[in-house]
file entry05.tsv (TSV, C-alpha atoms)
chain	number	residue	atom	x	y	z
A	1	MET	CA	-5.08	-26.56	-2.17
A	2	ILE	CA	-2.84	-25.51	0.75
A	3	GLY	CA	-3.49	-22.08	2.22
A	4	LEU	CA	-1.89	-20.17	5.10
A	5	THR	CA	-5.07	-19.68	7.11
A	6	LEU	CA	-5.60	-17.28	10.00
A	7	ILE	CA	-7.85	-19.38	12.25
A	8	LYS	CA	-7.93	-16.89	15.14
A	9	ASN	CA	-6.00	-13.84	16.28
A	10	LYS	CA	-2.23	-14.56	16.25
A	11	THR	CA	-2.76	-18.13	15.06
A	12	PHE	CA	-2.06	-19.43	11.55
A	13	LYS	CA	-2.43	-22.94	10.24
A	14	LEU	CA	-1.51	-24.50	6.91
A	15	LYS	CA	-4.83	-25.96	5.80
A	16	ASP	CA	-5.93	-27.97	2.81
A	17	ASN	CA	-8.89	-25.93	1.58
A	18	LYS	CA	-11.12	-27.22	-1.20
A	19	LEU	CA	-11.96	-24.72	-3.92
A	20	LYS	CA	-15.54	-24.50	-5.09
A	21	LYS	CA	-16.50	-25.17	-8.68
A	22	LEU	CA	-15.00	-22.44	-10.87
A	23	SER	CA	-17.53	-19.65	-11.44
A	24	LYS	CA	-18.28	-18.65	-15.03
A	25	ASN	CA	-16.69	-15.18	-14.62
A	26	ASP	CA	-13.66	-16.31	-12.61
A	27	CYS	CA	-10.14	-17.39	-13.46
A	28	ARG	CA	-8.24	-19.91	-11.38
A	29	ILE	CA	-4.81	-18.55	-10.51
A	30	GLU	CA	-1.75	-20.52	-9.50
A	31	ILE	CA	-0.17	-18.05	-7.09
A	32	ILE	CA	3.53	-17.40	-7.65
A	33	SER	CA	4.19	-14.83	-4.91
A	34	SER	CA	2.30	-12.49	-2.59
A	35	GLY	CA	3.40	-9.28	-0.94
A	36	ILE	CA	2.80	-8.74	2.76
A	37	CYS	CA	0.99	-5.44	3.24
A	38	ALA	CA	1.46	-3.36	6.40
A	39	SER	CA	-2.29	-3.76	6.97
A	40	ASP	CA	-1.93	-7.56	7.12
A	41	ILE	CA	0.04	-7.35	10.36
A	42	PRO	CA	-2.59	-5.74	12.66
A	43	ARG	CA	-5.23	-7.83	10.88
A	44	ALA	CA	-3.36	-10.96	11.95
A	45	PHE	CA	-2.06	-9.94	15.37
A	46	GLU	CA	-4.33	-7.19	16.71
A	47	ASN	CA	-7.84	-8.63	16.27
A	48	MET	CA	-8.50	-6.64	13.10
A	49	ALA	CA	-9.61	-9.51	10.88
A	50	TYR	CA	-13.17	-9.21	9.54
A	51	LYS	CA	-13.75	-12.92	10.02
A	52	TYR	CA	-12.13	-16.25	10.92
A	53	PRO	CA	-10.92	-18.41	9.29
A	54	LEU	CA	-9.35	-16.11	6.71
A	55	ILE	CA	-6.62	-16.38	4.11
A	56	LEU	CA	-4.82	-13.05	3.97
A	57	GLY	CA	-3.00	-11.54	0.99
A	58	HIS	CA	-4.08	-8.96	-1.59
A	59	GLU	CA	-0.78	-8.08	-3.32
A	60	PHE	CA	0.05	-10.94	-5.66
A	61	MET	CA	1.01	-12.32	-9.02
A	62	GLY	CA	0.18	-15.68	-10.52
A	63	LYS	CA	-0.48	-17.71	-13.65
A	64	ILE	CA	-3.95	-18.56	-14.95
A	65	ILE	CA	-4.49	-22.33	-15.07
A	66	ASN	CA	-8.23	-22.41	-15.82
A	67	ILE	CA	-10.93	-19.97	-16.96
A	68	GLY	CA	-14.70	-19.80	-16.46
A	69	SER	CA	-17.09	-20.26	-19.36
A	70	LYS	CA	-17.79	-16.50	-19.71
A	71	VAL	CA	-14.20	-15.27	-19.42
A	72	THR	CA	-13.20	-13.51	-22.66
A	73	LYS	CA	-10.18	-11.31	-21.95
A	74	PHE	CA	-7.77	-13.80	-20.38
A	75	SER	CA	-6.33	-17.15	-21.36
A	76	VAL	CA	-4.66	-20.08	-19.64
A	77	GLY	CA	-0.99	-19.25	-19.17
A	78	ASP	CA	-1.43	-15.48	-18.74
A	79	LEU	CA	0.58	-13.86	-15.95
A	80	VAL	CA	-1.68	-11.64	-13.86
A	81	SER	CA	-1.99	-9.46	-10.81
A	82	ALA	CA	-5.31	-8.14	-9.49
A	83	PHE	CA	-7.01	-5.03	-8.17
A	84	PRO	CA	-8.10	-6.51	-4.82
A	85	LEU	CA	-11.25	-4.44	-4.21
A	86	ILE	CA	-14.44	-6.11	-5.47
A	87	PRO	CA	-16.92	-3.28	-6.18
A	88	CYS	CA	-20.68	-3.61	-5.97
A	89	SER	CA	-20.85	-3.25	-9.77
A	90	ILE	CA	-19.22	-6.70	-9.94
A	91	SER	CA	-20.69	-8.44	-6.88
A	92	ASN	CA	-24.19	-6.99	-7.40
A	93	LYS	CA	-25.17	-6.74	-11.05
A	94	GLN	CA	-28.54	-5.09	-10.32
A	95	ASN	CA	-27.77	-2.11	-8.11
A	96	HIS	CA	-24.60	-0.04	-8.48
A	97	CYS	CA	-23.51	2.80	-6.23
A	98	THR	CA	-22.90	6.28	-7.65
A	99	TYR	CA	-19.13	5.86	-7.43
A	100	CYS	CA	-19.09	2.65	-9.45
A	101	ASN	CA	-21.33	4.29	-12.06
A	102	ASN	CA	-18.65	7.00	-12.33
A	103	GLU	CA	-15.81	4.45	-12.50
A	104	LYS	CA	-14.47	5.46	-9.08
A	105	TYR	CA	-14.36	1.86	-7.94
A	106	ASN	CA	-11.99	2.45	-5.01
A	107	LEU	CA	-14.73	4.63	-3.47
A	108	CYS	CA	-17.46	1.98	-3.82
A	109	ASP	CA	-20.10	2.14	-1.06
A	110	ASP	CA	-20.54	-1.63	-0.71
A	111	TYR	CA	-17.37	-3.50	-1.64
A	112	SER	CA	-15.70	-6.77	-0.78
A	113	TYR	CA	-11.94	-7.30	-0.77
A	114	TYR	CA	-9.63	-10.19	-1.51
A	115	GLY	CA	-7.51	-10.92	1.54
A	116	SER	CA	-9.73	-9.24	4.13
A	117	ARG	CA	-13.45	-9.71	3.53
A	118	ALA	CA	-12.85	-12.61	1.12
A	119	ASN	CA	-10.01	-15.14	1.06
A	120	GLY	CA	-6.78	-13.89	-0.46
A	121	SER	CA	-3.50	-14.98	-1.96
A	122	PHE	CA	-1.47	-16.64	0.81
A	123	THR	CA	-2.33	-19.92	-0.85
A	124	GLU	CA	-1.45	-22.19	-3.77
A	125	LEU	CA	-4.58	-21.56	-5.85
A	126	MET	CA	-7.10	-18.72	-5.88
A	127	ASP	CA	-10.20	-17.92	-7.93
A	128	VAL	CA	-10.46	-14.27	-9.03
A	129	ASN	CA	-13.14	-12.48	-11.00
A	130	GLU	CA	-12.00	-11.64	-14.53
A	131	TRP	CA	-12.89	-7.97	-13.98
A	132	ASN	CA	-10.30	-7.64	-11.19
A	133	LEU	CA	-7.42	-9.12	-13.15
A	134	PHE	CA	-4.57	-7.17	-14.72
A	135	LYS	CA	-2.36	-8.87	-17.31
A	136	ILE	CA	1.31	-8.34	-16.57
A	137	SER	CA	4.21	-8.35	-18.97
A	138	LYS	CA	6.91	-11.01	-18.88
A	139	ARG	CA	9.34	-8.07	-19.07
A	140	LEU	CA	8.63	-7.19	-15.44
A	141	PRO	CA	11.56	-8.06	-13.15
A	142	LYS	CA	11.07	-11.22	-11.10
A	143	ASN	CA	8.21	-11.07	-8.57
A	144	HIS	CA	7.43	-7.43	-9.40
A	145	GLY	CA	3.87	-8.41	-10.29
A	146	ALA	CA	3.40	-9.05	-6.55
A	147	ILE	CA	4.20	-5.43	-5.71
A	148	MET	CA	2.03	-3.85	-8.40
A	149	GLU	CA	-0.80	-3.11	-5.96
A	150	PRO	CA	1.18	-0.90	-3.55
A	151	VAL	CA	2.96	0.80	-6.48
A	152	ALA	CA	-0.49	1.58	-7.92
A	153	VAL	CA	-1.42	3.12	-4.54
A	154	SER	CA	1.72	5.24	-4.78
A	155	PHE	CA	0.55	6.56	-8.15
A	156	ASN	CA	-2.82	7.43	-6.64
A	157	ILE	CA	-0.94	9.59	-4.13
A	158	ILE	CA	1.06	11.18	-6.96
A	159	ASN	CA	-2.16	11.98	-8.82
A	160	ALA	CA	-3.54	13.61	-5.65
A	161	ILE	CA	-0.66	16.12	-5.64
A	162	LYS	CA	0.01	16.56	-9.37
A	163	ASN	CA	-2.04	19.76	-9.69
A	164	TYR	CA	0.04	21.33	-6.92
A	165	LEU	CA	3.49	20.33	-8.18
A	166	ILE	CA	5.72	23.23	-9.15
A	167	SER	CA	9.46	23.24	-9.80
A	168	LYS	CA	11.72	23.51	-6.73
A	169	GLN	CA	8.94	22.74	-4.25
A	170	LYS	CA	9.84	21.24	-0.91
A	171	ILE	CA	8.08	17.89	-0.46
A	172	LEU	CA	8.23	15.99	2.83
A	173	ILE	CA	7.37	12.29	2.99
A	174	ILE	CA	6.67	11.03	6.50
A	175	GLY	CA	7.55	7.34	6.64
A	176	SER	CA	10.17	5.49	4.59
A	177	GLY	CA	8.30	2.21	4.36
A	178	PHE	CA	7.50	0.72	0.97
A	179	LEU	CA	5.12	3.51	-0.08
A	180	GLY	CA	7.51	6.23	1.04
A	181	GLN	CA	10.40	4.63	-0.84
A	182	VAL	CA	8.40	4.26	-4.06
A	183	LEU	CA	7.06	7.82	-3.85
A	184	CYS	CA	10.59	9.23	-3.66
A	185	ARG	CA	11.60	7.28	-6.77
A	186	ILE	CA	8.55	8.33	-8.75
A	187	LEU	CA	9.02	11.99	-7.83
A	188	LYS	CA	12.72	11.92	-8.76
A	189	LYS	CA	11.76	10.46	-12.16
A	190	LYS	CA	9.20	13.23	-12.68
A	191	SER	CA	11.57	16.10	-11.98
A	192	LYS	CA	15.06	16.53	-10.58
A	193	ASN	CA	14.03	20.01	-9.42
A	194	PHE	CA	11.77	18.82	-6.59
A	195	GLU	CA	13.39	19.05	-3.16
A	196	ILE	CA	12.45	15.77	-1.48
A	197	PHE	CA	12.85	15.07	2.23
A	198	SER	CA	11.99	11.96	4.26
A	199	ILE	CA	11.43	11.24	7.94
A	200	ASP	CA	11.46	7.85	9.63
A	201	ARG	CA	12.38	6.36	12.99
A	202	ASN	CA	14.33	3.56	11.27
A	203	ASP	CA	17.86	4.31	10.06
A	204	PHE	CA	17.93	1.18	7.85
A	205	LYS	CA	15.01	2.49	5.79
A	206	LEU	CA	16.38	6.02	5.61
A	207	GLU	CA	19.78	4.77	4.45
A	208	LEU	CA	18.07	2.85	1.63
A	209	ASN	CA	16.20	6.00	0.67
A	210	LYS	CA	19.02	8.57	0.90
A	211	ARG	CA	20.00	8.80	-2.76
A	212	TYR	CA	16.43	9.79	-3.70
A	213	ASN	CA	16.29	12.59	-1.12
A	214	ASN	CA	17.83	16.01	-0.62
A	215	GLU	CA	17.90	15.25	3.09
A	216	THR	CA	16.59	12.60	5.50
A	217	PHE	CA	15.66	12.98	9.17
A	218	LEU	CA	15.83	10.29	11.85
A	219	PHE	CA	13.18	10.42	14.57
A	220	LYS	CA	14.68	8.19	17.23
A	221	LYS	CA	16.10	9.78	20.34
A	222	LYS	CA	13.38	11.58	22.27
A	223	ASN	CA	15.75	14.37	23.28
A	224	ASN	CA	16.40	15.28	19.64
A	225	ASN	CA	12.82	15.07	18.39
A	226	ASN	CA	11.67	18.42	19.76
A	227	LEU	CA	14.65	20.19	18.19
A	228	LEU	CA	14.01	18.41	14.89
A	229	LYS	CA	10.34	19.37	14.94
A	230	LYS	CA	11.27	23.02	15.44
A	231	TYR	CA	13.66	22.79	12.48
A	232	LEU	CA	10.93	21.28	10.27
A	233	ASP	CA	8.17	23.64	11.43
A	234	LYS	CA	6.25	25.38	8.58
A	235	LYS	CA	8.87	24.38	6.01
A	236	PHE	CA	7.15	22.26	3.34
A	237	ASP	CA	4.84	22.98	0.40
A	238	ILE	CA	3.55	19.40	0.37
A	239	VAL	CA	3.58	16.88	3.22
A	240	ILE	CA	2.64	13.24	2.55
A	241	GLU	CA	1.92	11.06	5.58
A	242	THR	CA	2.44	7.34	4.79
A	243	SER	CA	3.24	5.80	8.19
A	244	GLY	CA	-0.23	5.64	9.74
A	245	HIS	CA	1.19	6.65	13.13
A	246	ASN	CA	-1.26	8.99	14.85
A	247	MET	CA	1.47	11.40	15.97
A	248	ASN	CA	2.49	11.87	12.35
A	249	PHE	CA	-1.02	13.00	11.44
A	250	TYR	CA	-0.39	15.93	13.79
A	251	ASN	CA	3.21	16.39	12.59
A	252	ALA	CA	2.08	16.67	8.98
A	253	ILE	CA	0.02	19.74	9.90
A	254	THR	CA	2.92	21.24	11.87
A	255	PHE	CA	5.48	20.76	9.10
A	256	ALA	CA	3.34	22.16	6.27
A	257	LYS	CA	3.81	25.77	5.16
A	258	LYS	CA	0.94	28.21	5.25
A	259	GLU	CA	-1.40	27.36	2.34
A	260	GLY	CA	0.42	24.03	2.04
A	261	LEU	CA	-1.03	20.67	1.03
A	262	VAL	CA	-1.23	17.71	3.45
A	263	ILE	CA	-1.89	14.21	2.10
A	264	TYR	CA	-3.01	11.43	4.43
A	265	SER	CA	-2.40	7.98	2.97
A	266	GLY	CA	-1.26	5.81	5.88
A	267	ASN	CA	-3.77	3.53	7.61
A	268	ILE	CA	-4.22	5.08	11.05
A	269	ASN	CA	-2.88	2.80	13.77
A	270	ASP	CA	-4.60	4.23	16.84
A	271	THR	CA	-7.31	6.57	18.06
A	272	LEU	CA	-6.82	10.03	16.60
A	273	VAL	CA	-8.22	13.16	18.25
A	274	PHE	CA	-7.33	16.59	16.93
A	275	LYS	CA	-6.84	19.00	19.80
A	276	LYS	CA	-7.67	22.68	19.70
A	277	GLU	CA	-4.09	23.67	18.77
A	278	GLU	CA	-3.92	21.29	15.78
A	279	THR	CA	-7.35	22.29	14.51
A	280	SER	CA	-6.42	25.97	14.87
A	281	ASN	CA	-3.24	25.25	12.89
A	282	ILE	CA	-5.31	23.93	9.98
A	283	LEU	CA	-7.42	27.09	9.97
A	284	ARG	CA	-4.72	29.69	10.59
A	285	LYS	CA	-2.37	28.19	8.00
A	286	GLN	CA	-5.26	27.71	5.53
A	287	LEU	CA	-4.06	24.19	4.79
A	288	LYS	CA	-5.47	21.91	2.15
A	289	LEU	CA	-6.03	18.39	3.54
A	290	LYS	CA	-6.61	15.43	1.26
A	291	GLY	CA	-7.07	11.73	1.91
A	292	VAL	CA	-5.94	8.98	-0.48
A	293	TRP	CA	-7.48	5.53	-0.44
A	294	ASN	CA	-6.41	2.52	-2.48
A	295	SER	CA	-5.85	3.02	-6.23
A	296	SER	CA	-7.82	3.80	-9.36
A	297	PHE	CA	-8.54	0.90	-11.73
A	298	LYS	CA	-10.23	0.88	-15.12
A	299	SER	CA	-10.88	4.59	-14.71
A	300	LYS	CA	-9.96	7.63	-16.79
A	301	VAL	CA	-6.73	7.73	-14.80
A	302	ASP	CA	-5.67	4.12	-14.27
A	303	ASN	CA	-3.04	3.79	-11.53
A	304	TRP	CA	-2.47	0.15	-12.46
A	305	LYS	CA	-1.37	1.02	-15.97
A	306	GLU	CA	0.92	3.68	-14.51
A	307	ALA	CA	2.38	1.19	-12.02
A	308	HIS	CA	2.90	-1.45	-14.72
A	309	THR	CA	4.78	0.98	-16.99
A	310	PHE	CA	6.91	2.19	-14.06
A	311	LEU	CA	7.84	-1.35	-12.98
A	312	ILE	CA	8.91	-2.37	-16.47
A	313	LYS	CA	11.39	0.53	-16.46
A	314	ASN	CA	12.46	0.44	-12.80
A	315	ASP	CA	13.86	-2.47	-10.82
A	316	LEU	CA	12.67	-2.33	-7.19
A	317	SER	CA	14.35	-5.56	-6.11
A	318	ASP	CA	16.29	-3.73	-3.38
A	319	LEU	CA	12.98	-2.95	-1.65
A	320	ILE	CA	12.11	-6.64	-1.29
A	321	THR	CA	14.00	-7.51	1.89
A	322	HIS	CA	12.42	-10.84	2.89
A	323	GLN	CA	11.11	-13.87	1.01
A	324	VAL	CA	9.79	-17.17	2.37
A	325	ASN	CA	7.50	-20.02	1.29
A	326	LEU	CA	4.00	-20.72	2.65
A	327	GLU	CA	5.34	-22.96	5.42
A	328	LYS	CA	7.42	-20.13	6.87
A	329	GLY	CA	4.92	-17.36	6.12
A	330	SER	CA	3.45	-17.18	9.61
A	331	LEU	CA	6.91	-16.97	11.20
A	332	LEU	CA	7.89	-14.08	8.91
A	333	MET	CA	4.68	-12.23	9.75
A	334	LYS	CA	5.30	-12.72	13.48
A	335	ASN	CA	8.85	-11.40	13.03
A	336	ILE	CA	7.51	-8.34	11.18
A	337	TYR	CA	5.07	-7.73	14.03
A	338	ASP	CA	7.88	-7.99	16.59
A	339	MET	CA	10.07	-5.62	14.57
A	340	LYS	CA	7.27	-3.06	14.36
A	341	LYS	CA	6.81	-3.31	18.13
A	342	GLY	CA	10.52	-2.76	18.74
A	343	LYS	CA	11.16	-6.28	20.05
A	344	LYS	CA	13.65	-7.04	17.27
A	345	LYS	CA	15.97	-4.95	15.13
A	346	ASN	CA	13.93	-3.72	12.18
A	347	THR	CA	15.57	-4.48	8.83
A	348	TYR	CA	12.25	-5.09	7.06
A	349	LEU	CA	10.73	-3.22	4.14
A	350	LYS	CA	8.69	-5.59	1.93
A	351	GLY	CA	8.24	-9.34	2.34
A	352	LEU	CA	7.03	-11.90	-0.17
A	353	ILE	CA	5.40	-15.26	0.46
A	354	THR	CA	5.95	-17.66	-2.40
A	355	SER	CA	3.64	-20.57	-3.08
A	356	LYS	CA	6.30	-22.90	-4.47

call {"tool": "encode", "arguments": {"input": "entry05.tsv", "output": "structure tokens"}}
result
Amino acid sequence: MIGLTLIKNKTFKLKDNKLKKLSKNDCRIEIISSGICASDIPRAFENMAYKYPLILGHEFMGKIINIGSKVTKFSVGDLVSAFPLIPCSISNKQNHCTYCNNEKYNLCDDYSYYGSRANGSFTELMDVNEWNLFKISKRLPKNHGAIMEPVAVSFNIINAIKNYLISKQKILIIGSGFLGQVLCRILKKKSKNFEIFSIDRNDFKLELNKRYNNETFLFKKKNNNNLLKKYLDKKFDIVIETSGHNMNFYNAITFAKKEGLVIYSGNINDTLVFKKEETSNILRKQLKLKGVWNSSFKSKVDNWKEAHTFLIKNDLSDLITHQVNLEKGSLLMKNIYDMKKGKKKNTYLKGLITSK
């Protein structure tokens, strides 16, 4: 079983890894394709891996080729994706945390995770607990099962703002990466009356996103940024930060109206310290701040079911900009890293690694 293995920081190797005997509650998956998450890049190139060696990858689709003796809900031949977080209610049958008992599995106190704490999907074969699997329809457009996980995260963000949505609100999305793009499309489907605006430093991403926005803003030339910030100051009812850039955590507070809602969903990329002015802004504007983490699964509101329904009806092929096989996976990830660091022109949005 060949896997693209991170053996140390910045170093991948195609290794033949032997799978253990199939556990009674697991299914063996032949991986078809895996999405590259933004979090995979610092994990691979900025010493953020939990352990070495490690097979990355937590956004994937595949076909079941074998099932454990106690598997009851899946069969050989099923197409599946998987909720990548392994909650304590699955890994530890005796003691469950309060959040798992309340079906808030993404908030589990003691979880593992495919692709970070446990080996993931940048491989030919992978064993996954039956509980984590989600059966996907053959009606999904090609490879869309591999982007179900980030689309489910997008629906978790939507659910975080749904009680605040009113017709003709101004909604600003900071970051036009994959999450930002999907959020714009979901919001446009929900209501044509929302005024949606996006900010990014990449004109390629903004151009791709323009038809789902009332207006887009390019943060690029330093001389223009201060003027743009003044124009955006106190303008938006809802601000959703998806980029993870520490400066945008401050900007989100600046751009929100008084009594506005700020959503933080991007993985922070650097040390973040709120200064007196920013903290005062939160108080004086009486802002509502809310964090969003991962997605809900097998809960009263199931983001995976929402994502699956959305993907059947909406083709997101234009958001998949790069696709390579396992042999070229490490080179693509290095190129993504270089693009994010400004060393190469950035024409990247979502990449897939195929196992065939």

call {"tool": "residues_near_point", "arguments": {"input": "entry05.tsv", "point": "(-0.9, -2.7, -2.6)", "cutoff": "10 Å", "atoms": "only C-alpha atoms", "output": "count of residues only"}}
result
25

call {"tool": "closest_atom_pairs", "arguments": {"input": "entry05.tsv", "of": "stretch 93-208 of chain A", "to": "stretch 223-230 of chain A", "cutoff": "12 Å", "atoms": "all atoms listed in the file", "output": "JSON lines"}}
result
{"residue": "A:Ile199", "atom": "CA", "partner": "A:Leu228", "partner_atom": "CA", "distance": 10.3}
{"residue": "A:Asp200", "atom": "CA", "partner": "A:Asn225", "partner_atom": "CA", "distance": 11.4}
{"residue": "A:Arg201", "atom": "CA", "partner": "A:Asn225", "partner_atom": "CA", "distance": 10.3}

call {"tool": "closest_residue", "arguments": {"input": "entry05.tsv", "among": "A:Lys135, A:Lys21, A:Arg43, A:Lys170", "to": "A:Phe74", "atoms": "all atoms listed in the file"}}
result
A:Lys135

call {"tool": "residues_around", "arguments": {"input": "entry05.tsv", "residues": "stretch 3-19 of chain A", "least_positions_apart": "3", "cutoff": "10 Å", "atoms": "only C-alpha atoms", "output": "ChimeraX atom specification"}}
result
/A:22,28,41-49,51-57,119-127,326-331,333-334,353,355

call {"tool": "residues_near_point", "arguments": {"input": "entry05.tsv", "point": "(-2.3, 20.7, 1.7)", "cutoff": "10 Å", "atoms": "all atoms listed in the file", "output": "mmCIF file with C-alpha atoms, in the frame of the given file"}}
result
data_model
loop_
_atom_site.group_PDB
_atom_site.id
_atom_site.type_symbol
_atom_site.label_atom_id
_atom_site.label_comp_id
_atom_site.auth_asym_id
_atom_site.auth_seq_id
_atom_site.Cartn_x
_atom_site.Cartn_y
_atom_site.Cartn_z
ATOM 1 C CA ILE A 161 -0.660 16.120 -5.640
ATOM 2 C CA TYR A 164 0.040 21.330 -6.920
ATOM 3 C CA PHE A 236 7.150 22.260 3.340
ATOM 4 C CA ASP A 237 4.840 22.980 0.400
ATOM 5 C CA ILE A 238 3.550 19.400 0.370
ATOM 6 C CA VAL A 239 3.580 16.880 3.220
ATOM 7 C CA ILE A 240 2.640 13.240 2.550
ATOM 8 C CA ALA A 252 2.080 16.670 8.980
ATOM 9 C CA ILE A 253 0.020 19.740 9.900
ATOM 10 C CA ALA A 256 3.340 22.160 6.270
ATOM 11 C CA LYS A 257 3.810 25.770 5.160
ATOM 12 C CA LYS A 258 0.940 28.210 5.250
ATOM 13 C CA GLU A 259 -1.400 27.360 2.340
ATOM 14 C CA GLY A 260 0.420 24.030 2.040
ATOM 15 C CA LEU A 261 -1.030 20.670 1.030
ATOM 16 C CA VAL A 262 -1.230 17.710 3.450
ATOM 17 C CA ILE A 263 -1.890 14.210 2.100
ATOM 18 C CA TYR A 264 -3.010 11.430 4.430
ATOM 19 C CA ILE A 282 -5.310 23.930 9.980
ATOM 20 C CA LYS A 285 -2.370 28.190 8.000
ATOM 21 C CA GLN A 286 -5.260 27.710 5.530
ATOM 22 C CA LEU A 287 -4.060 24.190 4.790
ATOM 23 C CA LYS A 288 -5.470 21.910 2.150
ATOM 24 C CA LEU A 289 -6.030 18.390 3.540
ATOM 25 C CA LYS A 290 -6.610 15.430 1.260
#

call {"tool": "closest_residue", "arguments": {"input": "entry05.tsv", "among": "A:Asn251, A:Asn267, A:Asn246, A:Ser299", "to": "A:Tyr99", "atoms": "all atoms listed in the file"}}
result
A:Ser299

call {"tool": "atom_distance", "arguments": {"input": "entry05.tsv", "atom1": "atom CA of A:Asn325", "atom2": "atom CA of A:Leu352"}}
result
8.3 Å

call {"tool": "closest_residue", "arguments": {"input": "entry05.tsv", "among": "A:Ala160, A:Cys27, A:Ile32, A:Ile174", "to": "A:Val324", "atoms": "all atoms listed in the file"}}
result
A:Ile32

call {"tool": "residues_around", "arguments": {"input": "entry05.tsv", "residues": "A:Lys313", "least_positions_apart": "2", "cutoff": "12 Å", "atoms": "only C-alpha atoms", "output": "list in words"}}
result
Ser137, Arg139, Leu140, Pro141, His144, Arg185, Ile186, Lys189, Glu306, Ala307, His308, Thr309, Phe310, Leu311, Asp315 and Leu316 of chain A

call {"tool": "axis_aligned_box", "arguments": {"input": "entry05.tsv", "around": "stretch 189-206 of chain A", "padding_each_side": "3 Å", "output": "AutoDock Vina command-line options"}}
result
--center_x 13.6 --center_y 10.6 --center_z 0.2 --size_x 14.7 --size_y 24.8 --size_z 31.7

call {"tool": "closest_residue", "arguments": {"input": "entry05.tsv", "among": "A:Asn202, A:Ser33, A:Gln169, A:Asn106", "to": "A:Lys345", "atoms": "all atoms listed in the file"}}
result
A:Asn202

call {"tool": "closest_residue", "arguments": {"input": "entry05.tsv", "among": "A:Lys350, A:Lys343, A:Lys300, A:His245", "to": "A:Asn159", "atoms": "all atoms listed in the file"}}
result
A:Lys300

call {"tool": "closest_residue", "arguments": {"input": "entry05.tsv", "among": "A:Asn163, A:Gln323, A:Trp304, A:Val128", "to": "A:Ser34", "atoms": "only C-alpha atoms"}}
result
A:Gln323

call {"tool": "atom_distance", "arguments": {"input": "entry05.tsv", "atom1": "atom CA of A:Phe197", "atom2": "atom CA of A:Glu215"}}
result
5.1 Å

call {"tool": "atom_distance", "arguments": {"input": "entry05.tsv", "atom1": "atom CA of A:Lys235", "atom2": "atom CA of A:Glu195"}}
result
11.5 Å

call {"tool": "residues_around", "arguments": {"input": "entry05.tsv", "residues": "A:Lys70", "least_positions_apart": "4", "cutoff": "12 Å", "atoms": "all atoms listed in the file", "output": "NGL selection string"}}
result
:A and (22-27 or 66 or 74-75 or 129-131)

call {"tool": "decode", "arguments": {"input": "entry05.tsv", "residues": "stretch 144-157 of chain A", "atoms": "N, CA and C atoms", "output": "CSV table (one decimal), in the first residue's frame"}}
result
chain,number,residue,atom,x,y,z
A,144,HIS,N,-16.3,15.2,-6.5
A,144,HIS,CA,-16.9,16.1,-5.5
A,144,HIS,C,-17.0,15.4,-4.1
A,145,GLY,N,-17.0,14.1,-4.0
A,145,GLY,CA,-16.9,13.5,-2.7
A,145,GLY,C,-15.7,13.9,-1.9
A,146,ALA,N,-14.6,14.3,-2.6
A,146,ALA,CA,-13.4,14.7,-2.0
A,146,ALA,C,-13.4,16.1,-1.5
A,147,ILE,N,-14.4,16.9,-1.8
A,147,ILE,CA,-14.5,18.2,-1.3
A,147,ILE,C,-15.7,18.3,-0.4
A,148,MET,N,-16.3,17.2,0.0
A,148,MET,CA,-17.5,17.3,0.9
A,148,MET,C,-17.1,17.9,2.3
A,149,GLU,N,-15.9,17.5,2.8
A,149,GLU,CA,-15.6,18.0,4.1
A,149,GLU,C,-15.5,19.5,4.2
A,150,PRO,N,-14.8,20.2,3.3
A,150,PRO,CA,-14.8,21.7,3.4
A,150,PRO,C,-16.1,22.3,3.1
A,151,VAL,N,-16.9,21.7,2.3
A,151,VAL,CA,-18.3,22.2,2.0
A,151,VAL,C,-19.1,22.0,3.3
A,152,ALA,N,-19.0,20.9,4.0
A,152,ALA,CA,-19.7,20.8,5.3
A,152,ALA,C,-19.2,21.8,6.3
A,153,VAL,N,-18.0,22.2,6.3
A,153,VAL,CA,-17.5,23.3,7.2
A,153,VAL,C,-18.2,24.6,6.8
A,154,SER,N,-18.3,24.8,5.5
A,154,SER,CA,-19.0,26.0,5.0
A,154,SER,C,-20.4,26.1,5.6
A,155,PHE,N,-21.1,24.9,5.6
A,155,PHE,CA,-22.5,24.9,6.1
A,155,PHE,C,-22.5,25.1,7.6
A,156,ASN,N,-21.5,24.7,8.3
A,156,ASN,CA,-21.4,25.1,9.7
A,156,ASN,C,-21.3,26.6,10.0
A,157,ILE,N,-20.6,27.3,9.1
A,157,ILE,CA,-20.5,28.7,9.1
A,157,ILE,C,-21.9,29.3,8.9
